[in-house]
>>> print(open('run.cif').read())   # mmCIF, C-alpha atoms
data_my_file
loop_
_atom_site.label_atom_id
_atom_site.label_comp_id
_atom_site.auth_asym_id
_atom_site.auth_seq_id
_atom_site.Cartn_x
_atom_site.Cartn_y
_atom_site.Cartn_z
CA MET A 9 -228.56 121.96 31.09
CA ASN A 10 -230.68 119.90 33.43
CA LEU A 11 -232.78 116.82 32.80
CA PHE A 12 -235.93 118.72 31.86
CA ASP A 13 -234.13 120.89 29.33
CA PHE A 14 -232.76 117.71 27.80
CA PHE A 15 -236.20 116.29 27.06
CA ARG A 16 -237.61 119.58 25.96
CA GLY A 17 -234.95 119.76 23.30
CA ARG A 18 -232.74 122.75 22.63
CA GLN A 19 -232.78 123.50 18.93
CA LYS A 20 -233.38 127.19 19.45
CA GLN A 21 -230.39 129.45 18.80
CA THR A 22 -229.13 131.06 22.00
CA SER A 23 -229.22 134.82 22.33
CA ALA A 24 -225.44 134.86 22.75
CA SER A 25 -224.91 133.23 19.34
CA VAL A 26 -227.30 135.76 17.78
CA ALA A 27 -225.24 138.51 19.43
CA LYS A 28 -222.01 137.10 18.04
CA GLU A 29 -223.37 136.85 14.50
CA ARG A 30 -224.68 140.41 14.56
CA LEU A 31 -221.43 141.69 15.95
CA GLN A 32 -219.32 139.92 13.36
CA ILE A 33 -221.32 141.49 10.56
CA ILE A 34 -221.39 145.05 11.91
CA VAL A 35 -217.74 145.01 12.99
CA ALA A 36 -216.57 143.73 9.59
CA HIS A 37 -218.65 146.43 7.90
CA GLU A 38 -217.29 149.21 10.10
CA ARG A 39 -213.70 148.02 9.69
CA GLY A 40 -214.16 148.20 5.94
CA GLN A 41 -215.24 151.82 6.15
CA ARG A 42 -212.43 152.66 8.54
CA SER A 43 -209.71 151.74 6.07
CA THR A 44 -210.92 154.15 3.39
CA PRO A 45 -209.36 157.61 3.62
CA ASP A 46 -211.67 160.55 4.40
CA TYR A 47 -210.92 162.34 1.11
CA LEU A 48 -212.65 159.76 -1.10
CA PRO A 49 -216.15 161.30 -0.99
CA ALA A 50 -214.78 164.77 -1.83
CA LEU A 51 -212.65 163.35 -4.64
CA GLN A 52 -215.66 161.55 -6.05
CA LYS A 53 -217.76 164.70 -5.99
CA GLU A 54 -215.13 166.82 -7.75
CA LEU A 55 -214.55 164.17 -10.41
CA VAL A 56 -218.28 164.17 -11.17
CA GLU A 57 -218.16 167.95 -11.58
CA VAL A 58 -215.17 167.87 -13.93
CA ILE A 59 -216.64 165.12 -16.13
CA ARG A 60 -219.98 166.89 -16.21
CA LYS A 61 -218.36 169.81 -18.05
CA TYR A 62 -218.05 167.50 -21.04
CA VAL A 63 -220.55 164.66 -20.59
CA ASN A 64 -223.82 164.66 -18.75
CA ILE A 65 -223.54 162.06 -15.99
CA GLY A 66 -225.38 161.41 -12.73
CA ASN A 67 -223.96 161.78 -9.22
CA ASP A 68 -223.50 158.03 -8.84
CA ASP A 69 -221.89 157.39 -12.19
CA VAL A 70 -218.37 157.77 -10.80
CA GLN A 71 -217.26 155.04 -8.41
CA VAL A 72 -214.04 155.59 -6.48
CA ALA A 73 -212.30 152.85 -4.49
CA LEU A 74 -208.91 152.58 -2.89
CA GLU A 75 -207.28 149.19 -2.49
CA ASN A 76 -204.12 148.41 -0.61
CA GLN A 77 -201.90 145.60 -1.78
CA GLY A 78 -198.79 145.39 0.33
CA SER A 79 -196.83 148.60 -0.08
CA CYS A 80 -198.79 149.78 -3.10
CA SER A 81 -202.18 151.49 -3.17
CA ILE A 82 -204.47 151.28 -6.17
CA LEU A 83 -207.01 154.01 -6.80
CA GLU A 84 -209.76 152.56 -8.92
CA LEU A 85 -212.10 154.84 -10.87
CA ASN A 86 -215.15 153.47 -12.57
CA ILE A 87 -216.98 156.01 -14.73
CA THR A 88 -220.20 155.02 -16.41
CA LEU A 89 -221.03 157.17 -19.46
CA PRO A 90 -224.63 157.51 -20.60
CA ASP A 91 -225.92 155.44 -23.55
CA ARG A 92 -225.42 157.04 -26.92
CA MET B 14 -188.08 152.11 31.00
CA SER B 15 -191.27 153.80 32.07
CA LYS B 16 -194.54 153.18 30.30
CA ILE B 17 -197.70 155.12 29.66
CA ILE B 18 -200.72 152.80 29.73
CA VAL B 19 -204.18 154.06 28.78
CA VAL B 20 -207.30 152.33 30.12
CA THR B 21 -209.98 152.87 27.52
CA SER B 22 -213.19 151.36 26.14
CA GLY B 23 -215.28 153.78 24.10
CA LYS B 24 -218.43 152.83 25.98
CA GLY B 25 -219.14 154.19 29.44
CA GLY B 26 -219.84 152.19 32.57
CA VAL B 27 -217.81 149.13 31.63
CA GLY B 28 -215.26 149.53 34.44
CA LYS B 29 -212.49 151.84 33.19
CA THR B 30 -212.04 153.70 36.46
CA THR B 31 -212.35 150.53 38.56
CA THR B 32 -209.72 148.97 36.31
CA SER B 33 -207.41 152.00 36.37
CA ALA B 34 -207.52 152.02 40.17
CA ALA B 35 -206.96 148.26 40.41
CA ILE B 36 -204.18 148.09 37.81
CA GLY B 37 -202.34 151.13 39.17
CA THR B 38 -202.56 149.78 42.71
CA GLY B 39 -201.46 146.37 41.44
CA PHE B 40 -198.27 147.73 39.89
CA ALA B 41 -197.51 149.65 43.09
CA LEU B 42 -198.07 146.45 45.13
CA ARG B 43 -195.38 144.82 43.00
CA GLY B 44 -192.99 147.61 43.96
CA HIS B 45 -193.28 149.75 40.81
CA LYS B 46 -193.62 153.47 41.29
CA THR B 47 -196.97 154.27 39.69
CA VAL B 48 -199.24 157.24 39.10
CA ILE B 49 -202.88 157.06 37.98
CA VAL B 50 -204.07 160.08 36.01
CA ASP B 51 -207.76 160.93 35.64
CA PHE B 52 -208.53 162.38 32.18
CA ASP B 53 -212.27 162.75 32.75
CA VAL B 54 -212.37 166.54 33.06
CA GLY B 55 -215.70 167.69 34.49
CA LEU B 56 -216.68 164.22 35.71
CA ARG B 57 -213.81 163.10 37.87
CA ASN B 58 -214.34 159.91 39.82
CA LEU B 59 -210.98 158.25 40.17
CA ASP B 60 -210.44 160.18 43.43
CA LEU B 61 -213.59 158.57 44.89
CA ILE B 62 -212.65 155.07 43.79
CA MET B 63 -209.16 155.55 45.24
CA GLY B 64 -210.58 157.05 48.44
CA CYS B 65 -208.63 160.32 48.23
CA GLU B 66 -211.48 162.68 47.26
CA ARG B 67 -211.01 164.90 50.30
CA ARG B 68 -207.33 165.41 49.67
CA VAL B 69 -207.61 166.93 46.18
CA VAL B 70 -206.22 170.46 46.32
CA TYR B 71 -204.75 170.95 42.88
CA ASP B 72 -205.59 168.95 39.78
CA PHE B 73 -204.41 168.09 36.27
CA VAL B 74 -205.79 171.30 34.72
CA ASN B 75 -204.09 173.44 37.39
CA VAL B 76 -200.78 171.86 36.43
CA VAL B 77 -201.38 172.33 32.69
CA ASN B 78 -202.26 175.99 33.30
CA GLY B 79 -199.23 176.52 35.52
CA GLU B 80 -201.36 177.34 38.60
CA ALA B 81 -199.63 174.57 40.54
CA ASN B 82 -196.60 172.41 39.99
CA LEU B 83 -196.77 168.68 39.55
CA GLN B 84 -195.50 167.87 43.05
CA GLN B 85 -198.28 169.96 44.60
CA ALA B 86 -200.96 168.21 42.55
CA LEU B 87 -199.79 164.62 43.02
CA ILE B 88 -201.77 162.92 45.80
CA LYS B 89 -199.84 160.23 47.62
CA ASP B 90 -201.81 157.10 48.42
CA LYS B 91 -202.21 156.45 52.15
CA ARG B 92 -201.91 152.69 51.82
CA LEU B 93 -199.04 152.21 49.41
CA GLU B 94 -195.63 153.84 49.31
CA ASN B 95 -195.24 153.80 45.51
CA LEU B 96 -198.67 155.01 44.47
CA TYR B 97 -199.86 158.48 43.46
CA VAL B 98 -203.03 159.95 41.93
CA LEU B 99 -203.41 163.01 39.71
CA ALA B 100 -207.05 164.10 39.84
CA ALA B 101 -209.02 165.59 36.95
CA SER B 102 -210.59 168.95 37.54
CA GLN B 103 -214.29 169.55 37.97
CA THR B 104 -214.33 172.53 35.61
CA ARG B 105 -217.06 172.64 33.00
CA ASP B 106 -214.61 173.81 30.36
CA LYS B 107 -214.06 170.76 28.19
CA ASP B 108 -211.13 172.38 26.40
CA ALA B 109 -209.15 172.91 29.59
CA LEU B 110 -206.68 170.24 28.48
CA THR B 111 -204.52 170.82 25.42
CA LEU B 112 -202.31 168.41 23.53
CA GLU B 113 -199.19 170.41 24.38
CA GLY B 114 -200.18 170.73 28.05
CA VAL B 115 -200.89 167.02 28.39
CA GLU B 116 -197.63 166.15 26.65
CA LYS B 117 -195.63 168.31 29.02
CA VAL B 118 -197.23 166.79 32.15
CA LEU B 119 -197.00 163.21 30.88
CA MET B 120 -193.33 163.55 29.94
CA GLU B 121 -192.60 164.97 33.39
CA LEU B 122 -194.51 162.06 34.99
CA LYS B 123 -192.62 159.60 32.83
CA GLU B 124 -189.36 160.79 34.34
CA GLN B 125 -190.58 160.16 37.90
CA PHE B 126 -192.70 157.03 37.53
CA GLU B 127 -192.31 153.55 36.10
CA TYR B 128 -195.98 153.32 35.17
CA VAL B 129 -198.28 156.17 34.19
CA ILE B 130 -201.88 154.86 34.04
CA CYS B 131 -204.25 157.13 32.10
CA ASP B 132 -207.91 156.68 33.02
CA SER B 133 -209.77 157.67 29.85
CA PRO B 134 -213.23 159.22 29.79
CA ALA B 135 -215.93 157.40 27.81
CA GLY B 136 -216.61 158.35 24.21
CA ILE B 137 -214.23 159.30 21.42
CA GLU B 138 -214.15 163.04 22.07
CA LYS B 139 -211.19 165.19 23.00
CA GLY B 140 -210.64 163.79 26.52
CA ALA B 141 -210.49 160.21 25.28
CA HIS B 142 -208.21 161.26 22.44
CA LEU B 143 -205.80 163.04 24.80
CA ALA B 144 -205.77 160.06 27.18
CA MET B 145 -204.66 157.63 24.48
CA TYR B 146 -202.55 159.89 22.24
CA PHE B 147 -199.22 159.48 24.07
CA ALA B 148 -199.76 155.88 25.23
CA ASP B 149 -197.26 153.04 24.82
CA GLU B 150 -199.82 150.40 25.75
CA ALA B 151 -203.60 150.26 25.97
CA ILE B 152 -205.90 148.18 28.13
CA VAL B 153 -209.22 147.92 26.31
CA VAL B 154 -211.95 147.20 28.85
CA THR B 155 -214.89 145.31 27.36
CA ASN B 156 -218.10 143.83 28.74
CA PRO B 157 -219.42 140.67 27.04
CA GLU B 158 -222.24 142.64 25.48
CA VAL B 159 -222.86 143.86 21.91
CA SER B 160 -222.55 147.63 22.33
CA SER B 161 -219.40 147.38 24.43
CA VAL B 162 -217.67 145.02 21.98
CA ARG B 163 -218.56 147.23 19.02
CA ASP B 164 -217.28 150.36 20.77
CA SER B 165 -214.09 148.57 21.77
CA ASP B 166 -213.49 147.67 18.14
CA ARG B 167 -214.01 151.30 17.20
CA MET B 168 -211.52 152.30 19.89
CA LEU B 169 -208.97 149.81 18.54
CA GLY B 170 -209.26 151.50 15.16
CA ILE B 171 -208.58 154.87 16.76
CA LEU B 172 -205.63 153.51 18.76
CA SER B 173 -204.02 152.23 15.60
CA SER B 174 -204.52 155.37 13.52
CA LYS B 175 -204.83 158.47 15.71
CA SER B 176 -202.08 158.06 18.30
CA ARG B 177 -198.69 159.72 18.40
CA ARG B 178 -197.04 156.38 17.69
CA SER B 179 -199.11 155.86 14.55
CA GLU B 180 -198.65 159.44 13.35
CA ASN B 181 -194.87 159.20 13.79
CA ASN B 182 -194.74 155.73 12.21
CA GLU B 183 -193.32 154.23 15.40
CA ASP B 184 -194.15 150.77 16.75
CA PRO B 185 -197.91 150.65 17.33
CA ILE B 186 -199.52 150.86 20.79
CA VAL B 187 -199.52 147.40 22.41
CA GLU B 188 -203.18 146.47 22.88
CA HIS B 189 -204.42 144.32 25.76
CA LEU B 190 -207.96 143.06 26.19
CA LEU B 191 -209.60 142.97 29.60
CA ILE B 192 -213.09 141.48 29.82
CA THR B 193 -215.01 142.72 32.86
CA ARG B 194 -218.38 141.84 34.42
CA TYR B 195 -218.12 138.30 33.10
CA ASN B 196 -220.78 135.88 34.29
CA PRO B 197 -219.89 132.20 33.62
CA GLU B 198 -223.40 130.98 34.51
CA ARG B 199 -225.01 133.18 31.87
CA VAL B 200 -222.36 132.19 29.34
CA ALA B 201 -223.09 128.51 30.02
CA GLY B 202 -226.79 129.25 29.52
CA GLY B 203 -226.12 130.86 26.15
CA GLU B 204 -227.25 134.27 27.38
CA MET B 205 -223.89 136.03 27.33
CA LEU B 206 -221.03 136.25 24.85
CA SER B 207 -218.21 133.93 25.88
CA ILE B 208 -214.53 134.81 26.20
CA ASP B 209 -213.90 133.10 22.85
CA ASP B 210 -216.70 135.05 21.18
CA VAL B 211 -215.21 138.37 22.30
CA THR B 212 -211.60 137.46 21.48
CA ASP B 213 -212.67 136.09 18.06
CA ILE B 214 -214.19 139.44 17.17
CA LEU B 215 -211.67 141.84 18.67
CA ALA B 216 -208.60 139.70 17.88
CA ILE B 217 -206.24 141.21 20.46
CA LYS B 218 -204.40 139.50 23.27
CA LEU B 219 -206.53 138.74 26.33
CA LYS B 220 -204.84 139.78 29.56
CA GLY B 221 -207.62 139.12 32.03
CA VAL B 222 -211.23 138.28 32.77
CA ILE B 223 -212.83 139.93 35.78
CA PRO B 224 -215.99 138.19 36.96
CA GLU B 225 -219.14 140.14 37.76
CA SER B 226 -218.62 140.54 41.47
CA GLN B 227 -220.23 142.07 44.53
CA ALA B 228 -216.76 142.99 45.71
CA VAL B 229 -216.50 145.77 43.10
CA LEU B 230 -219.41 147.80 44.48
CA LYS B 231 -218.28 147.13 48.03
CA ALA B 232 -214.80 148.38 47.18
CA SER B 233 -216.04 151.55 45.50
CA ASN B 234 -218.39 152.22 48.44
CA GLN B 235 -215.35 152.23 50.69
CA GLY B 236 -212.90 153.96 48.36
CA VAL B 237 -210.55 150.99 48.32
CA PRO B 238 -209.29 149.65 44.97
CA VAL B 239 -210.83 146.19 44.58
CA ILE B 240 -207.42 144.57 44.02
CA LEU B 241 -206.70 145.15 47.72
CA ASP B 242 -209.65 142.88 48.58
CA THR B 243 -207.49 139.79 48.20
CA GLU B 244 -210.27 137.48 49.38
CA SER B 245 -212.56 138.48 46.53
CA ASP B 246 -212.76 136.87 43.09
CA ALA B 247 -212.48 140.25 41.32
CA GLY B 248 -209.46 141.22 43.43
CA GLN B 249 -207.70 137.97 42.61
CA ALA B 250 -208.60 138.23 38.92
CA TYR B 251 -207.06 141.74 38.79
CA ASN B 252 -203.97 140.38 40.53
CA ASP B 253 -203.62 137.70 37.86
CA THR B 254 -204.04 140.42 35.23
CA ILE B 255 -201.08 142.33 36.69
CA ASP B 256 -198.96 139.17 36.48
CA ARG B 257 -199.89 138.77 32.82
CA LEU B 258 -199.18 142.44 32.07
CA LEU B 259 -195.76 141.90 33.63
CA GLY B 260 -195.19 138.97 31.28
CA LYS B 261 -196.07 135.97 33.43
CA GLU B 262 -198.21 133.10 32.17
CA VAL B 263 -201.15 132.68 34.52
CA LYS B 264 -204.18 130.49 33.95
CA LEU B 265 -207.58 132.24 33.82
CA ARG B 266 -209.68 131.80 36.96
CA PHE B 267 -213.37 132.37 37.74
CA VAL B 268 -214.39 131.70 34.14
CA GLU B 269 -216.11 128.33 34.61
CA VAL B 270 -219.37 127.55 36.37
CA PRO B 271 -218.56 125.91 39.72
CA LYS B 272 -219.23 122.19 39.54
CA GLN B 273 -222.64 121.13 40.88
CA GLY B 274 -223.52 117.87 42.57
CA PHE B 275 -225.44 115.09 40.82
CA PHE B 276 -228.88 116.02 42.16
CA ALA B 277 -228.39 119.70 41.56
CA ARG B 278 -227.52 118.98 37.96
CA LEU B 279 -230.44 116.62 37.53
CA PHE B 280 -233.06 119.04 38.81
CA GLY B 281 -231.45 122.32 37.84
CA GLY B 282 -231.16 123.54 41.42
CA LYS B 283 -228.65 126.20 42.30
#
>>> encode(input="run.cif", output="structure tokens")
Amino acid sequence: MNLFDFFRGRQKQTSASVAKERLQIIVAHERGQRSTPDYLPALQKELVEVIRKYVNIGNDDVQVALENQGSCSILELNITLPDR
Amino acid sequence: MSKIIVVTSGKGGVGKTTTSAAIGTGFALRGHKTVIVDFDVGLRNLDLIMGCERRVVYDFVNVVNGEANLQQALIKDKRLENLYVLAASQTRDKDALTLEGVEKVLMELKEQFEYVICDSPAGIEKGAHLAMYFADEAIVVTNPEVSSVRDSDRMLGILSSKSRRSENNEDPIVEHLLITRYNPERVAGGEMLSIDDVTDILAIKLKGVIPESQAVLKASNQGVPVILDTESDAGQAYNDTIDRLLGKEVKLRFVEVPKQGFFARLFGGK
């Protein structure tokens, strides 16, 4: 920074800090996807088909998530049934 | 104990081949018998960077296919006693390399050499996968730039889940970060990601920072690995990197803007 920059003021965010923020967000997002096994989408689809034999539900009414806690993995199913 | 080290990045043009040539030559300079293997089938360039392009008779694919033996295909460096190159072939057949073929050649190389440096092609396709699959260590080459950092992170994910070590539940590949084309002036001006920015995001151990340098183009023009240009900043930075890879603590150099005089600072002169 030279003398002229000093008087002009420098409140504007630098492009490097913008780059870092964007990277942190996209990298965190992609790491999250990476840890889920590839079979989850197929499992979700088949579960929807099985449940649909008995109850009429939409494609997004079954949520599947896998969580790892130490040595144990938890498969979480969240099925929303239609209003009666 | 010999080691297979892959030089990888995901993104192209960040300096993988320059780094493979420099690191391989660096190990040989320290007296370690080293071979550098080009995995970029169809787009070989390591031979040019090493200056041995006119001496390629047989290549990696010839050895895998049994058309030549390893000793025939290994090109001995003219400058250093301990240094060899195994060229990639220029065939258009991308599937010329197989997992079994690569394994056989690499295990044979491991018996003869202390360091086997695998120069990975860009991308995450088959060639890149084969280059990293058998590795013990990985040097992830990254430019301080968004797309390179993102691709490096992607590569780190692949290294930790798709390698032989991960599939056999062995100790994971040791990952080293090498930042190349670093420009301290632009970092000071807030125009380029800093070393801390990159290491914060990738969270692996930094083994070197190579400054953006005219010496790199000059070296590739002449077919001399830049580490042999001991006068140059890039050459010295690669030398420091070798020391760190061999376990020495060496302070980073060429990462600060050279100090300017009072008047230069006052008026922003250069």
>>> resolve_selection(input="run.cif", expression="the PyMOL selection byres ((chain A and resi 68) around 10)", output="count of residues only")
11
>>> atom_distance(input="run.cif", atom1="CA of Met145 in chain B", atom2="CA of Arg42 in chain A")
18.4 Å
>>> resolve_selection(input="run.cif", expression="the PyMOL selection byres ((chain B) within 7 of (chain A))", output="PyMOL selection string")
chain B and resi 159+163+203-206+210+214+278-281
>>> residues_near_point(input="run.cif", point="(-210.4, 148.1, 32.6)", cutoff="10 Å", atoms="all atoms listed in the file", output="ChimeraX atom specification")
/B:19-22,27-36,132-133,151-156,189-193,221-223,251
>>> atom_distance(input="run.cif", atom1="CA of Leu122 in chain B", atom2="CA of Leu59 in chain B")
17.7 Å
>>> resolve_selection(input="run.cif", expression="the PyMOL selection byres ((chain B and resi 127) around 12)", output="ChimeraX atom specification")
/B:14-18,37,40-41,43-49,95-97,119-126,128-130
>>> atom_distance(input="run.cif", atom1="CA of Gly236 in chain B", atom2="CA of Ile62 in chain B")
4.7 Å
>>> closest_residue(input="run.cif", among="B:Val50, B:Ala144, B:Val74, B:Ile171", to="Ile88 in chain B", atoms="all atoms listed in the file")
B:Val50
>>> closest_residue(input="run.cif", among="A:Ser79, A:His37, A:Pro90, A:Leu85", to="Leu55 in chain A", atoms="only C-alpha atoms")
A:Leu85
>>> closest_residue(input="run.cif", among="B:Asn196, B:Gln85, B:Ser174, B:Ser226", to="Phe73 in chain B", atoms="only C-alpha atoms")
B:Gln85
>>> closest_residue(input="run.cif", among="B:Leu215, B:Leu110, B:Val187, B:Ala232", to="Val162 in chain B", atoms="only C-alpha atoms")
B:Leu215
>>> closest_residue(input="run.cif", among="B:Val263, B:Leu83, B:Val270, B:Val229", to="Ala247 in chain B", atoms="only C-alpha atoms")
B:Val229
>>> closest_residue(input="run.cif", among="A:Leu51, A:Val63, A:Val72, A:Cys80", to="Arg92 in chain A", atoms="all atoms listed in the file")
A:Val63
